[in-house]
$ cat my_file_4.csv   # CSV, C-alpha atoms
chain,number,residue,atom,x,y,z
I,1,MET,CA,132.5,115.3,110.5
I,2,ASN,CA,130.7,112.4,108.8
I,3,PHE,CA,128.5,112.5,105.6
I,4,LEU,CA,125.3,112.8,107.6
I,5,GLU,CA,126.5,115.7,109.8
I,6,GLU,CA,127.7,117.5,106.7
I,7,ARG,CA,124.3,117.0,105.1
I,8,ILE,CA,122.5,118.3,108.2
I,9,LEU,CA,124.6,121.4,108.3
I,10,LYS,CA,124.0,122.0,104.6
I,11,ASP,CA,120.2,121.3,104.4
I,12,GLY,CA,118.9,121.0,107.9
I,13,VAL,CA,117.0,124.0,109.4
I,14,VAL,CA,116.8,124.8,113.1
I,15,LYS,CA,113.4,126.0,114.3
I,16,ALA,CA,112.3,127.4,117.7
I,17,GLY,CA,111.4,124.7,120.2
I,18,ASN,CA,114.4,122.5,119.5
I,19,VAL,CA,113.0,121.4,116.2
I,20,LEU,CA,115.5,120.3,113.6
I,21,LYS,CA,113.9,120.1,110.2
I,22,VAL,CA,115.4,117.6,107.8
I,23,ASP,CA,112.4,117.1,105.7
I,24,SER,CA,114.2,118.1,102.5
I,25,PHE,CA,116.2,114.9,102.5
I,26,LEU,CA,115.1,112.5,105.3
I,27,ASN,CA,111.5,112.5,106.5
I,28,HIS,CA,109.3,114.1,103.9
I,29,GLN,CA,111.3,114.3,100.8
I,30,MET,CA,113.9,111.4,100.8
I,31,ASP,CA,117.3,111.5,99.1
I,32,ILE,CA,117.6,107.9,98.0
I,33,ALA,CA,121.4,108.0,97.5
I,34,LEU,CA,121.7,109.2,101.1
I,35,MET,CA,119.4,106.4,102.3
I,36,GLU,CA,121.7,103.9,100.6
I,37,GLU,CA,124.7,105.5,102.3
I,38,ILE,CA,123.0,105.3,105.7
I,39,GLY,CA,122.2,101.6,105.0
I,40,ARG,CA,125.9,100.9,104.3
I,41,GLU,CA,127.0,102.8,107.4
I,42,PHE,CA,124.8,100.8,109.7
I,43,LYS,CA,126.1,97.6,108.0
I,44,ARG,CA,129.6,98.8,108.8
I,45,ARG,CA,128.7,99.4,112.4
I,46,PHE,CA,126.5,96.3,113.1
I,47,GLY,CA,127.8,93.9,110.5
I,48,HIS,CA,129.6,91.8,113.1
I,49,LYS,CA,126.3,91.0,114.8
I,50,PRO,CA,124.1,88.1,113.7
I,51,VAL,CA,121.2,90.2,112.5
I,52,SER,CA,118.2,88.2,111.2
I,53,LYS,CA,115.6,90.9,111.1
I,54,VAL,CA,115.5,94.7,110.9
I,55,MET,CA,112.7,96.4,112.8
I,56,THR,CA,111.3,100.0,112.7
I,57,ILE,CA,108.2,102.0,113.3
I,58,GLU,CA,106.0,103.7,110.7
I,59,ALA,CA,106.2,106.0,109.0
I,60,SER,CA,109.5,107.9,108.3
I,61,GLY,CA,111.6,105.0,109.6
I,62,ILE,CA,110.5,102.7,106.9
I,63,GLY,CA,112.5,104.1,104.0
I,64,ILE,CA,115.7,104.2,106.0
I,65,ALA,CA,115.2,100.7,107.5
I,66,ALA,CA,114.4,99.2,104.1
I,67,PHE,CA,117.9,100.1,102.9
I,68,VAL,CA,119.5,98.7,106.1
I,69,ALA,CA,117.6,95.5,105.7
I,70,LYS,CA,118.8,95.3,102.1
I,71,GLU,CA,122.4,95.6,103.3
I,72,PHE,CA,121.9,92.7,105.7
I,73,SER,CA,119.7,90.7,103.2
I,74,VAL,CA,117.1,90.2,105.9
I,75,PRO,CA,113.4,91.0,106.1
I,76,LEU,CA,112.1,94.3,107.5
I,77,VAL,CA,109.2,94.4,110.0
I,78,PHE,CA,107.7,97.8,110.7
I,79,ALA,CA,105.6,98.3,113.8
I,80,LYS,CA,102.2,100.0,113.2
I,81,LYS,CA,100.6,102.7,115.1
I,82,SER,CA,96.9,102.2,116.3
I,83,LYS,CA,94.8,99.3,115.5
I,84,SER,CA,93.9,98.4,111.9
I,85,ILE,CA,91.2,96.0,110.8
I,86,ASN,CA,93.9,94.2,108.7
I,87,ILE,CA,95.8,93.1,111.8
I,88,ASP,CA,95.1,89.8,113.4
I,89,GLY,CA,94.2,89.6,117.1
I,90,ASP,CA,97.5,88.0,118.0
I,91,MET,CA,100.0,90.7,118.4
I,92,TYR,CA,102.6,92.4,120.6
I,93,VAL,CA,101.5,95.8,121.9
I,94,ALA,CA,103.4,98.7,123.5
I,95,GLU,CA,102.2,102.1,124.4
I,96,VAL,CA,104.4,105.0,123.2
I,97,GLU,CA,104.1,108.8,123.4
I,98,SER,CA,105.2,110.8,120.4
I,99,PHE,CA,107.4,113.8,121.0
I,100,THR,CA,106.4,115.3,117.7
I,101,HIS,CA,102.7,114.8,117.8
I,102,LYS,CA,102.1,114.9,121.6
I,103,ASN,CA,99.8,112.0,121.5
I,104,LYS,CA,99.9,108.4,122.7
I,105,ASN,CA,99.9,105.5,120.2
I,106,GLN,CA,99.5,101.8,120.6
I,107,VAL,CA,102.5,100.3,118.7
I,108,ILE,CA,101.8,96.8,117.4
I,109,VAL,CA,103.7,94.0,115.7
I,110,SER,CA,102.0,90.7,114.7
I,111,LYS,CA,103.3,87.7,116.6
I,112,ARG,CA,103.8,86.0,113.3
I,113,PHE,CA,106.7,88.2,112.4
I,114,LEU,CA,108.8,88.2,115.6
I,115,HIS,CA,110.0,85.0,117.2
I,116,GLU,CA,112.0,83.7,120.1
I,117,GLY,CA,115.7,83.6,119.3
I,118,GLU,CA,115.6,86.1,116.4
I,119,HIS,CA,118.3,88.7,116.3
I,120,VAL,CA,116.9,92.1,115.8
I,121,LEU,CA,118.4,95.4,114.7
I,122,ILE,CA,116.1,98.3,115.5
I,123,ILE,CA,116.3,101.4,113.2
I,124,ASP,CA,114.7,104.8,113.4
I,125,ASP,CA,115.2,108.2,112.1
I,126,PHE,CA,115.1,110.3,115.3
I,127,LEU,CA,115.8,109.6,119.0
I,128,ALA,CA,114.6,112.3,121.4
I,129,ASN,CA,113.0,111.2,124.6
I,130,GLY,CA,113.1,107.6,123.4
I,131,CYS,CA,109.6,106.4,123.9
I,132,ALA,CA,109.2,104.9,120.4
I,133,LEU,CA,112.5,103.1,120.8
I,134,GLN,CA,111.6,101.8,124.2
I,135,GLY,CA,108.3,100.5,122.8
I,136,LEU,CA,110.2,98.7,120.0
I,137,ILE,CA,112.7,97.2,122.4
I,138,SER,CA,109.8,96.1,124.7
I,139,ILE,CA,108.1,94.4,121.8
I,140,ALA,CA,111.2,92.6,120.7
I,141,GLU,CA,111.9,91.3,124.2
I,142,SER,CA,108.3,90.2,124.7
I,143,ALA,CA,108.8,88.0,121.6
I,144,GLY,CA,112.0,86.6,123.2
I,145,ALA,CA,114.1,88.1,120.4
I,146,VAL,CA,117.6,89.4,121.0
I,147,VAL,CA,118.1,93.1,120.5
I,148,GLU,CA,121.5,93.2,118.7
I,149,GLY,CA,121.5,97.0,118.5
I,150,CYS,CA,119.7,100.2,117.8
I,151,GLY,CA,120.7,102.4,114.9
I,152,ILE,CA,119.4,106.0,114.9
I,153,VAL,CA,120.0,108.5,112.2
I,154,ILE,CA,119.8,111.7,114.3
I,155,GLU,CA,119.9,111.7,118.1
I,156,LYS,CA,118.9,114.8,120.1
I,157,GLY,CA,121.7,114.4,122.7
I,158,PHE,CA,120.2,117.1,124.9
I,159,GLN,CA,117.1,114.9,125.5
I,160,ILE,CA,117.0,111.9,127.7
I,161,GLY,CA,116.4,109.0,125.2
I,162,GLY,CA,119.9,108.1,124.3
I,163,ARG,CA,121.2,108.1,127.8
I,164,VAL,CA,118.3,105.8,129.0
I,165,ILE,CA,119.0,103.3,126.2
I,166,ARG,CA,122.7,103.2,126.7
I,167,ASN,CA,122.3,103.0,130.5
I,168,MET,CA,120.1,99.9,130.0
I,169,GLY,CA,123.1,98.3,128.2
I,170,TYR,CA,121.9,98.4,124.6
I,171,HIS,CA,124.4,99.0,121.7
I,172,LEU,CA,123.1,102.3,120.4
I,173,GLU,CA,124.7,103.9,117.4
I,174,SER,CA,123.5,107.3,116.2
I,175,LEU,CA,125.0,108.7,113.0
I,176,ALA,CA,124.7,112.2,114.3
I,177,ILE,CA,124.2,113.4,117.9
I,178,VAL,CA,123.0,117.0,118.2
I,179,ASP,CA,124.1,118.3,121.5
I,180,ALA,CA,122.9,121.9,121.0
I,181,MET,CA,121.0,124.0,118.4
I,182,ASP,CA,120.2,127.6,118.2
I,183,ALA,CA,117.2,128.8,116.2
I,184,GLU,CA,118.4,132.4,116.3
I,185,ASN,CA,121.6,131.8,114.3
I,186,GLY,CA,120.9,128.4,112.9
I,187,SER,CA,124.0,126.8,114.6
I,188,ILE,CA,124.1,123.1,115.3
I,189,ILE,CA,126.7,121.5,117.6
I,190,PHE,CA,127.4,117.8,117.1
I,191,ARG,CA,128.9,115.5,119.8
I,192,GLU,CA,132.3,114.2,118.9
I,193,GLN,CA,132.2,110.5,118.2
I,194,ASN,CA,134.9,108.0,117.4
T,1,MET,CA,101.2,84.9,85.9
T,2,ASN,CA,103.8,87.4,87.0
T,3,PHE,CA,106.1,87.3,90.0
T,4,LEU,CA,103.8,89.2,92.2
T,5,GLU,CA,100.7,87.2,91.4
T,6,GLU,CA,102.6,84.1,92.2
T,7,ARG,CA,103.7,85.5,95.5
T,8,ILE,CA,100.2,86.6,96.4
T,9,LEU,CA,98.9,83.0,95.7
T,10,LYS,CA,101.7,81.6,97.8
T,11,ASP,CA,101.7,83.9,100.8
T,12,GLY,CA,98.5,86.0,100.6
T,13,VAL,CA,95.5,85.1,102.8
T,14,VAL,CA,91.9,85.9,101.9
T,15,LYS,CA,89.8,87.0,104.9
T,16,ALA,CA,86.1,87.8,105.1
T,17,GLY,CA,85.0,91.2,104.0
T,18,ASN,CA,87.2,91.3,100.9
T,19,VAL,CA,90.4,91.6,102.9
T,20,LEU,CA,93.5,90.3,101.2
T,21,LYS,CA,96.3,90.0,103.8
T,22,VAL,CA,99.8,90.4,102.3
T,23,ASP,CA,101.4,91.5,105.6
T,24,SER,CA,103.9,88.7,105.6
T,25,PHE,CA,105.8,90.2,102.6
T,26,LEU,CA,104.4,93.7,101.7
T,27,ASN,CA,102.8,95.9,104.3
T,28,HIS,CA,104.0,94.8,107.8
T,29,GLN,CA,106.9,92.4,107.2
T,30,MET,CA,108.6,93.4,103.9
T,31,ASP,CA,110.6,91.1,101.7
T,32,ILE,CA,113.3,93.4,100.4
T,33,ALA,CA,114.2,91.3,97.4
T,34,LEU,CA,110.6,91.5,96.3
T,35,MET,CA,110.6,95.3,96.8
T,36,GLU,CA,113.6,95.6,94.6
T,37,GLU,CA,111.9,93.4,91.9
T,38,ILE,CA,108.8,95.7,92.2
T,39,GLY,CA,111.1,98.7,91.7
T,40,ARG,CA,112.6,97.2,88.6
T,41,GLU,CA,109.2,96.3,87.2
T,42,PHE,CA,107.8,99.8,87.5
T,43,LYS,CA,111.0,101.1,85.9
T,44,ARG,CA,110.3,98.7,83.0
T,45,ARG,CA,106.7,100.0,82.7
T,46,PHE,CA,107.3,103.7,83.2
T,47,GLY,CA,110.9,104.0,82.1
T,48,HIS,CA,110.0,105.8,78.9
T,49,LYS,CA,108.4,108.7,80.9
T,50,PRO,CA,110.5,111.7,82.0
T,51,VAL,CA,110.0,111.0,85.7
T,52,SER,CA,111.7,113.5,88.0
T,53,LYS,CA,110.0,112.6,91.3
T,54,VAL,CA,108.3,109.6,92.9
T,55,MET,CA,105.4,110.4,95.2
T,56,THR,CA,103.6,108.1,97.7
T,57,ILE,CA,101.6,108.3,100.9
T,58,GLU,CA,102.7,107.0,104.3
T,59,ALA,CA,103.1,104.5,105.7
T,60,SER,CA,103.3,101.2,103.8
T,61,GLY,CA,103.8,102.9,100.4
T,62,ILE,CA,107.1,104.3,101.5
T,63,GLY,CA,109.2,101.1,101.4
T,64,ILE,CA,108.0,100.2,97.9
T,65,ALA,CA,108.2,103.7,96.5
T,66,ALA,CA,111.8,104.1,97.8
T,67,PHE,CA,113.0,101.2,95.6
T,68,VAL,CA,111.1,102.7,92.6
T,69,ALA,CA,112.8,106.1,93.2
T,70,LYS,CA,116.1,104.3,93.4
T,71,GLU,CA,115.5,102.7,89.9
T,72,PHE,CA,114.7,106.2,88.5
T,73,SER,CA,117.5,107.9,90.5
T,74,VAL,CA,115.1,110.6,91.6
T,75,PRO,CA,113.9,111.8,95.1
T,76,LEU,CA,110.9,110.3,96.8
T,77,VAL,CA,108.3,112.6,98.4
T,78,PHE,CA,105.8,110.9,100.8
T,79,ALA,CA,102.6,112.7,101.7
T,80,LYS,CA,101.8,112.8,105.4
T,81,LYS,CA,98.5,112.1,107.1
T,82,SER,CA,97.3,114.7,109.6
T,83,LYS,CA,99.1,117.8,110.7
T,84,SER,CA,102.5,117.6,112.4
T,85,ILE,CA,104.2,120.4,114.2
T,86,ASN,CA,107.3,119.7,112.1
T,87,ILE,CA,105.4,120.8,108.9
T,88,ASP,CA,105.5,124.4,107.7
T,89,GLY,CA,102.4,126.3,107.1
T,90,ASP,CA,102.9,126.3,103.3
T,91,MET,CA,101.5,123.0,102.0
T,92,TYR,CA,99.2,121.3,99.6
T,93,VAL,CA,96.3,119.6,101.3
T,94,ALA,CA,93.8,117.0,100.2
T,95,GLU,CA,91.2,115.2,102.2
T,96,VAL,CA,91.0,111.4,101.7
T,97,GLU,CA,89.0,108.6,103.3
T,98,SER,CA,90.8,105.4,104.2
T,99,PHE,CA,89.1,102.1,103.1
T,100,THR,CA,91.0,100.2,105.8
T,101,HIS,CA,90.6,102.5,108.7
T,102,LYS,CA,87.2,104.0,107.9
T,103,ASN,CA,88.4,107.5,108.8
T,104,LYS,CA,89.2,110.7,107.0
T,105,ASN,CA,92.7,112.1,106.9
T,106,GLN,CA,94.2,115.3,105.7
T,107,VAL,CA,96.9,114.4,103.3
T,108,ILE,CA,99.7,117.0,103.1
T,109,VAL,CA,102.8,117.7,101.0
T,110,SER,CA,105.0,120.7,101.6
T,111,LYS,CA,105.0,123.2,98.7
T,112,ARG,CA,108.8,123.1,98.9
T,113,PHE,CA,108.9,119.6,97.5
T,114,LEU,CA,106.5,119.7,94.6
T,115,HIS,CA,106.9,122.3,91.8
T,116,GLU,CA,105.3,123.4,88.6
T,117,GLY,CA,106.6,121.4,85.6
T,118,GLU,CA,107.8,118.4,87.7
T,119,HIS,CA,107.1,115.0,86.3
T,120,VAL,CA,105.6,112.8,89.0
T,121,LEU,CA,105.2,109.0,89.2
T,122,ILE,CA,102.7,108.1,92.0
T,123,ILE,CA,103.3,104.7,93.7
T,124,ASP,CA,101.1,103.0,96.3
T,125,ASP,CA,100.7,99.5,97.7
T,126,PHE,CA,96.9,99.1,97.3
T,127,LEU,CA,94.2,100.6,95.2
T,128,ALA,CA,90.6,99.9,96.3
T,129,ASN,CA,88.1,102.8,96.1
T,130,GLY,CA,91.0,105.1,95.1
T,131,CYS,CA,90.5,108.0,97.5
T,132,ALA,CA,94.2,108.1,98.6
T,133,LEU,CA,95.3,108.0,94.9
T,134,GLN,CA,92.8,110.8,94.0
T,135,GLY,CA,94.2,112.8,96.9
T,136,LEU,CA,97.8,112.4,95.6
T,137,ILE,CA,96.8,113.3,92.1
T,138,SER,CA,94.9,116.3,93.3
T,139,ILE,CA,98.0,117.5,95.2
T,140,ALA,CA,100.3,116.9,92.3
T,141,GLU,CA,98.0,118.9,90.0
T,142,SER,CA,97.6,121.7,92.5
T,143,ALA,CA,101.4,122.1,92.3
T,144,GLY,CA,101.3,122.3,88.5
T,145,ALA,CA,103.2,119.0,88.2
T,146,VAL,CA,102.6,116.5,85.4
T,147,VAL,CA,101.3,113.1,86.6
T,148,GLU,CA,103.2,110.8,84.3
T,149,GLY,CA,101.6,107.7,85.8
T,150,CYS,CA,100.3,105.8,88.8
T,151,GLY,CA,101.9,102.5,89.8
T,152,ILE,CA,100.0,100.2,92.1
T,153,VAL,CA,101.1,96.9,93.6
T,154,ILE,CA,97.7,95.3,94.2
T,155,GLU,CA,94.5,96.7,92.7
T,156,LYS,CA,91.1,95.4,93.9
T,157,GLY,CA,89.5,95.2,90.5
T,158,PHE,CA,86.0,94.7,92.0
T,159,GLN,CA,86.1,98.1,93.6
T,160,ILE,CA,85.7,101.4,91.8
T,161,GLY,CA,89.2,103.0,92.2
T,162,GLY,CA,91.0,101.7,89.2
T,163,ARG,CA,88.1,102.4,86.8
T,164,VAL,CA,87.8,106.0,88.0
T,165,ILE,CA,91.5,106.7,87.5
T,166,ARG,CA,91.6,105.1,84.1
T,167,ASN,CA,88.4,106.9,83.0
T,168,MET,CA,90.1,110.2,84.0
T,169,GLY,CA,92.9,109.4,81.5
T,170,TYR,CA,95.7,108.6,83.8
T,171,HIS,CA,98.3,105.9,82.9
T,172,LEU,CA,97.6,103.4,85.7
T,173,GLU,CA,99.7,100.2,86.0
T,174,SER,CA,98.8,97.6,88.6
T,175,LEU,CA,101.1,94.7,89.0
T,176,ALA,CA,98.2,92.5,90.2
T,177,ILE,CA,94.5,93.1,89.7
T,178,VAL,CA,92.3,91.0,91.9
T,179,ASP,CA,88.9,90.5,90.2
T,180,ALA,CA,87.5,88.2,92.8
T,181,MET,CA,88.4,86.5,96.1
T,182,ASP,CA,86.7,83.9,98.2
T,183,ALA,CA,87.4,83.7,101.9
T,184,GLU,CA,85.7,80.3,102.2
T,185,ASN,CA,88.2,78.4,99.9
T,186,GLY,CA,91.0,81.1,99.8
T,187,SER,CA,90.8,81.4,96.0
T,188,ILE,CA,92.0,84.5,94.2
T,189,ILE,CA,91.2,85.4,90.6
T,190,PHE,CA,93.5,87.8,88.8
T,191,ARG,CA,92.6,89.9,85.8
T,192,GLU,CA,94.5,88.9,82.6
T,193,GLN,CA,96.8,91.6,81.6
T,194,ASN,CA,99.2,92.0,78.7

$ encode --input "my_file_4.csv" --output "structure tokens"
Amino acid sequence: MNFLEERILKDGVVKAGNVLKVDSFLNHQMDIALMEEIGREFKRRFGHKPVSKVMTIEASGIGIAAFVAKEFSVPLVFAKKSKSINIDGDMYVAEVESFTHKNKNQVIVSKRFLHEGEHVLIIDDFLANGCALQGLISIAESAGAVVEGCGIVIEKGFQIGGRVIRNMGYHLESLAIVDAMDAENGSIIFREQN
Amino acid sequence: MNFLEERILKDGVVKAGNVLKVDSFLNHQMDIALMEEIGREFKRRFGHKPVSKVMTIEASGIGIAAFVAKEFSVPLVFAKKSKSINIDGDMYVAEVESFTHKNKNQVIVSKRFLHEGEHVLIIDDFLANGCALQGLISIAESAGAVVEGCGIVIEKGFQIGGRVIRNMGYHLESLAIVDAMDAENGSIIFREQN
């Protein structure tokens, strides 16, 4: 069991409806030492790739991806949800549906910050049905960038997202893959990974 | 002129309507070395205070606040906008109006992550009319926490937010205070600070 799986067992809470609450250390309150360890672990897993930019989507991905970008000494670009008056007209757009919020968002990245031939590592906190990740991949490829890999902190292995991304041939690394959870007794079963 | 003012003059763009675009290094693409320098600078300015938690609001504040929290070796809590099904019922709520998006948001923090007697440093990227910051202060005080200070990256000195917060007696530090901007010639005038 790795450091993240241990932390999930210690502080994660299973709720009805296949909800895994990790808000005490990951996506509401953040344990910064854990973020740094996650950054180092993704560097270990993707360090052989020529990563020139880390990409994520607001909001909870930003803190994690910032420490990954620090390890690679590259800039971070975070995609924004919905249109802001501070964004120029010239942008890449993908439509994604949130599993958590049950709504559709336009995900946007300015064309000034993603270019042809860039080598992108996509980072996010959760992967469930994978719509957000698909949107980020779509944006990177629209720019002509190379998706070197996708790094996910927690994958819900019983949902379709991870399988879709792997079937499409992307190098997807999830630090913890939850194959089953039980809200009645609080148990969590992780997928064995090498 | 400090490191941030220099960077704003180099890479910031003044747009009509008093918009200062810093999305190439601060709030869309992030320069991680700059984030680390901002973290160290807030540590220098607030390091004599007994800070036990850093607090910010999603989304663009998260990356900055994470490096401040790292300097203080304390957890980061970021307030969320709008209600998510992943948030428990027991939370602090404040209503804030966004200057950028012209809409009202419920800002929420779980009661599990803010407690009486905690010493909070509030961090955000921009301060304009100050509604977001007032909401964060209101939430911290509802919890019985002590607001040790507010650290802002860029304050729009020609708007009311900074004056309100200082008049209320809070220790507010802004790394750059823009007193005037001109979209026609791109000029930016910073307030002299000691």

$ closest_residue --input "my_file_4.csv" --among "I:Glu97, I:Glu148, I:Asp124, I:Glu58" --to "I:Lys81" --atoms "all atoms listed in the file"
I:Glu58

$ interface_residues --input "my_file_4.csv" --of "chain T" --to "chain I" --cutoff "9 Å" --atoms "only C-alpha atoms" --output "MDAnalysis selection string"
chainID T and resid 19:21 23:25 27:33 58:60 62:67 69:70 73:80 83:87 100:101 109:110 112:113

$ closest_residue --input "my_file_4.csv" --among "I:Gly130, I:Gly144, I:Gly186, I:Gly151" --to "I:Ile165" --atoms "only C-alpha atoms"
I:Gly130

$ atom_distance --input "my_file_4.csv" --atom1 "atom CA of I:Gly135" --atom2 "atom CA of I:Val96"
6.0 Å

$ closest_residue --input "my_file_4.csv" --among "T:Leu121, T:Ile137, T:Gly149, T:Lys111" --to "T:Phe72" --atoms "only C-alpha atoms"
T:Leu121

$ closest_residue --input "my_file_4.csv" --among "I:Ala183, I:Leu136, I:Val178, I:Ala145" --to "I:Phe158" --atoms "all atoms listed in the file"
I:Val178

$ atom_distance --input "my_file_4.csv" --atom1 "atom CA of T:Pro50" --atom2 "atom CA of T:Glu155"
24.4 Å

$ residues_around --input "my_file_4.csv" --residues "I:Leu4" --least-positions-apart "4" --cutoff "10 Å" --atoms "all atoms listed in the file" --output "ChimeraX atom specification"
/I:8-10,34,37-38,153-154,175-176

$ atom_distance --input "my_file_4.csv" --atom1 "atom CA of T:Ile152" --atom2 "atom CA of T:Arg166"
12.6 Å

$ residues_near_point --input "my_file_4.csv" --point "(105.7, 105.2, 119.8)" --cutoff "6 Å" --atoms "all atoms listed in the file" --output "number ranges by chain"
I: 96-98, 105, 107, 131-132

$ residues_near_point --input "my_file_4.csv" --point "(116.6, 78.1, 124.2)" --cutoff "12 Å" --atoms "all atoms listed in the file" --output "list in words"
His115, Glu116, Gly117, Glu118, Gly144, Ala145 and Val146 of chain I

$ decode --input "my_file_4.csv" --residues "stretch 131-144 of chain I" --atoms "N, CA and C atoms" --output "JSON list (two decimals), in the first residue's frame"
[["chain", "number", "residue", "atom", "x", "y", "z"],
["I", 131, "CYS", "N", -15.00, 12.83, -17.87],
["I", 131, "CYS", "CA", -15.34, 13.92, -18.78],
["I", 131, "CYS", "C", -14.38, 15.09, -18.69],
["I", 132, "ALA", "N", -13.99, 15.47, -17.49],
["I", 132, "ALA", "CA", -13.05, 16.59, -17.34],
["I", 132, "ALA", "C", -11.73, 16.26, -18.01],
["I", 133, "LEU", "N", -11.24, 15.04, -17.79],
["I", 133, "LEU", "CA", -9.96, 14.64, -18.37],
["I", 133, "LEU", "C", -10.05, 14.60, -19.90],
["I", 134, "GLN", "N", -11.17, 14.07, -20.41],
["I", 134, "GLN", "CA", -11.35, 14.06, -21.87],
["I", 134, "GLN", "C", -11.35, 15.49, -22.43],
["I", 135, "GLY", "N", -11.97, 16.40, -21.70],
["I", 135, "GLY", "CA", -11.98, 17.79, -22.14],
["I", 135, "GLY", "C", -10.58, 18.39, -22.18],
["I", 136, "LEU", "N", -9.77, 18.08, -21.16],
["I", 136, "LEU", "CA", -8.40, 18.60, -21.12],
["I", 136, "LEU", "C", -7.55, 18.00, -22.25],
["I", 137, "ILE", "N", -7.72, 16.69, -22.50],
["I", 137, "ILE", "CA", -6.99, 16.04, -23.59],
["I", 137, "ILE", "C", -7.39, 16.67, -24.92],
["I", 138, "SER", "N", -8.70, 16.87, -25.09],
["I", 138, "SER", "CA", -9.21, 17.46, -26.33],
["I", 138, "SER", "C", -8.61, 18.84, -26.57],
["I", 139, "ILE", "N", -8.51, 19.63, -25.49],
["I", 139, "ILE", "CA", -7.93, 20.97, -25.61],
["I", 139, "ILE", "C", -6.45, 20.90, -25.97],
["I", 140, "ALA", "N", -5.71, 20.00, -25.30],
["I", 140, "ALA", "CA", -4.28, 19.87, -25.59],
["I", 140, "ALA", "C", -4.06, 19.47, -27.04],
["I", 141, "GLU", "N", -4.87, 18.54, -27.53],
["I", 141, "GLU", "CA", -4.68, 18.06, -28.90],
["I", 141, "GLU", "C", -5.14, 19.09, -29.93],
["I", 142, "SER", "N", -6.16, 19.86, -29.58],
["I", 142, "SER", "CA", -6.55, 20.97, -30.48],
["I", 142, "SER", "C", -5.39, 21.94, -30.68],
["I", 143, "ALA", "N", -4.57, 22.08, -29.64],
["I", 143, "ALA", "CA", -3.43, 23.00, -29.72],
["I", 143, "ALA", "C", -2.26, 22.38, -30.48],
["I", 144, "GLY", "N", -2.35, 21.07, -30.77],
["I", 144, "GLY", "CA", -1.21, 20.40, -31.40],
["I", 144, "GLY", "C", -0.13, 20.03, -30.40]]
